[in-house]
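Structure first, commentary second.
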Amino acid sequence: MDKEFSLTTRVSFKDIHYDGKVVAGAHVLELFGDAITGLALMNDNDEGLLSKWENVNFYQKVNPGDFLKVYARIVSSSRLKRNVEVNAWRVTGLKEYNGNNDLVADAKGTFVIPFVKAKGV
């Protein structure tokens, strides 16, 4: 079972939600959902259904022009349920390679897969 998935995206000016050109935290949650969907497709050939968020934390504001790298990782699983951790990092140039990026947000979540798609664990 592949237990990790990542995506990188540039935040657009169309994503501005607040004065001061700040992007809504909901946009980061949408990216978390995209990463979890990718993880579900890799593992179960199905998008699954996100059933729960918990411990959602926002640490930094996100601005248009930022590049975000989002990681999703399965931390535990059963036949029909996957518990995941997700985090989003602001990628700034070559800092991606020496570990000096800014943690923007993290969360834990659970997604379920249809019974007919279950592979078992």
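Here, A, B, ... name the chains of the structure tokens in the order displayed, residue numbers run from 1 inside each chain, and ligands are numbered from 1 in the same displayed order.
Summary of the local environment: counting only C-alpha atoms, residues at most 10 Å from A:Glu4, other than itself and those fewer than 6 positions away along its chain, are Ala35, Ile36, Gly38, Leu39, Ala40, Met42, Asn43, Tyr71, Ala72, Arg73, Ile74, Val75, Val84, Glu85 and Val86 of chain A.
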Quiz prompt | All alpha helix (DSSP H) positions in chain A, as a ChimeraX atom specification | solution = /A:25-44
Output the selection as a short mmCIF file (atom, residue, chain, number, x, y, z; two decimals), in the first residue's frame - N, CA and C atoms for each residue.
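File part32.cif, as written:
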```cif
data_model
loop_
_atom_site.label_atom_id
_atom_site.label_comp_id
_atom_site.auth_asym_id
_atom_site.auth_seq_id
_atom_site.Cartn_x
_atom_site.Cartn_y
_atom_site.Cartn_z
N GLY A 25 -8.37 30.13 4.80
CA GLY A 25 -7.92 28.82 5.25
C GLY A 25 -8.67 27.69 4.56
N ALA A 26 -9.90 27.97 4.15
CA ALA A 26 -10.68 26.96 3.44
C ALA A 26 -10.00 26.52 2.15
N HIS A 27 -9.22 27.41 1.55
CA HIS A 27 -8.48 27.03 0.33
C HIS A 27 -7.44 25.96 0.66
N VAL A 28 -6.78 26.10 1.79
CA VAL A 28 -5.80 25.10 2.22
C VAL A 28 -6.51 23.78 2.50
N LEU A 29 -7.69 23.84 3.12
CA LEU A 29 -8.45 22.61 3.36
C LEU A 29 -8.85 21.94 2.05
N GLU A 30 -9.15 22.74 1.04
CA GLU A 30 -9.47 22.17 -0.28
C GLU A 30 -8.25 21.44 -0.84
N LEU A 31 -7.06 22.03 -0.67
CA LEU A 31 -5.83 21.35 -1.12
C LEU A 31 -5.60 20.07 -0.33
N PHE A 32 -5.89 20.11 0.97
CA PHE A 32 -5.79 18.89 1.78
C PHE A 32 -6.70 17.81 1.20
N GLY A 33 -7.92 18.20 0.85
CA GLY A 33 -8.86 17.25 0.25
C GLY A 33 -8.35 16.68 -1.06
N ASP A 34 -7.73 17.53 -1.88
CA ASP A 34 -7.16 17.05 -3.15
C ASP A 34 -6.05 16.03 -2.91
N ALA A 35 -5.20 16.30 -1.92
CA ALA A 35 -4.11 15.37 -1.61
C ALA A 35 -4.65 14.05 -1.07
N ILE A 36 -5.67 14.12 -0.24
CA ILE A 36 -6.28 12.90 0.29
C ILE A 36 -6.95 12.11 -0.83
N THR A 37 -7.59 12.81 -1.76
CA THR A 37 -8.20 12.13 -2.91
C THR A 37 -7.14 11.41 -3.73
N GLY A 38 -6.01 12.06 -3.97
CA GLY A 38 -4.91 11.42 -4.69
C GLY A 38 -4.41 10.18 -3.97
N LEU A 39 -4.30 10.28 -2.66
CA LEU A 39 -3.87 9.14 -1.85
C LEU A 39 -4.88 8.00 -1.95
N ALA A 40 -6.16 8.33 -1.87
CA ALA A 40 -7.21 7.30 -1.97
C ALA A 40 -7.19 6.62 -3.33
N LEU A 41 -7.05 7.41 -4.39
CA LEU A 41 -7.01 6.83 -5.73
C LEU A 41 -5.81 5.90 -5.91
N MET A 42 -4.66 6.31 -5.39
CA MET A 42 -3.46 5.46 -5.49
C MET A 42 -3.63 4.13 -4.78
N ASN A 43 -4.29 4.17 -3.63
CA ASN A 43 -4.39 2.98 -2.80
C ASN A 43 -5.59 2.10 -3.10
N ASP A 44 -6.71 2.72 -3.42
CA ASP A 44 -7.96 1.97 -3.49
C ASP A 44 -8.68 2.10 -4.82
#
```
Exercise. Using only C-alpha atoms, find the one residue out of A:Lys81, A:Lys52, A:Lys108, A:Lys61 that sits nearest to A:His17.
Key: A:Lys61
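Counting only C-alpha atoms, the residue from A:Asn83, A:Ser12, A:Ser76, A:Asn101 that sits nearest to A:Trp53 is A:Asn83.
What separates atom CA of A:Leu80 from atom CA of A:Phe58 is a distance of 28.9 Å.
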Practice problem: From a DSSP calculation on the backbone, collect every residue of stretch 7-83 of chain A in strand (DSSP E) and output the set as an MDAnalysis selection string. | Solution: chainID A and resid 7:10 16:18 22:23 49:58 67:77 81:83
Mind dumping the selected residues with C-alpha atoms as a short mmCIF file (atom, residue, chain, number, x, y, z; two decimals), in the first residue's frame?
```
data_model
loop_
_atom_site.label_atom_id
_atom_site.label_comp_id
_atom_site.auth_asym_id
_atom_site.auth_seq_id
_atom_site.Cartn_x
_atom_site.Cartn_y
_atom_site.Cartn_z
CA LEU A 7 1.11 17.86 -4.65
CA THR A 8 2.58 21.29 -5.32
CA THR A 9 0.57 24.28 -6.46
CA ARG A 10 0.85 28.03 -6.85
CA ILE A 16 -7.83 36.07 -2.32
CA HIS A 17 -10.65 36.12 0.18
CA TYR A 18 -9.78 38.79 2.76
CA VAL A 22 -4.93 36.95 2.35
CA VAL A 23 -6.18 33.59 1.11
CA LEU A 49 -15.26 9.89 1.04
CA LEU A 50 -13.73 12.23 3.59
CA SER A 51 -15.73 11.58 6.73
CA LYS A 52 -13.95 13.60 9.40
CA TRP A 53 -11.44 16.39 10.06
CA GLU A 54 -9.80 16.82 13.43
CA ASN A 55 -7.02 18.94 14.88
CA VAL A 56 -6.96 21.44 12.01
CA ASN A 57 -4.27 24.06 12.68
CA PHE A 58 -3.30 27.15 10.68
CA PHE A 67 3.88 27.92 -3.76
CA LEU A 68 2.44 25.30 -1.41
CA LYS A 69 3.50 21.69 -1.16
CA VAL A 70 0.87 19.48 0.46
CA TYR A 71 1.65 16.06 1.87
CA ALA A 72 -0.91 13.40 2.80
CA ARG A 73 0.13 10.26 4.66
CA ILE A 74 -1.82 7.24 5.89
CA VAL A 75 -1.01 6.69 9.56
CA SER A 76 -3.37 3.78 10.17
CA SER A 77 -5.96 1.84 8.23
CA LYS A 81 -11.16 3.34 6.71
CA ARG A 82 -7.91 5.29 6.35
CA ASN A 83 -6.65 7.73 8.98
#
```
Self-check item: Gap from atom CA of A:Asp15 to atom CA of A:Phe111 - Å, one decimal
Solution: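 Interatomic distance here is 25.9 Å.
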Quiz item: Of the candidates A:Lys21, A:Asn63, A:Trp89, A:Ile113, which one gets nearest to A:Asp46 if we count only C-alpha atoms?
Solution: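 Ranking A:Lys21, A:Asn63, A:Trp89, A:Ile113 by distance to A:Asp46, first place goes to A:Ile113.
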Self-check item: Between atom CA of A:Gly48 and atom CA of A:Phe115 - distance in Å to one decimal
Solution: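 These atoms are spaced 10.3 Å apart.
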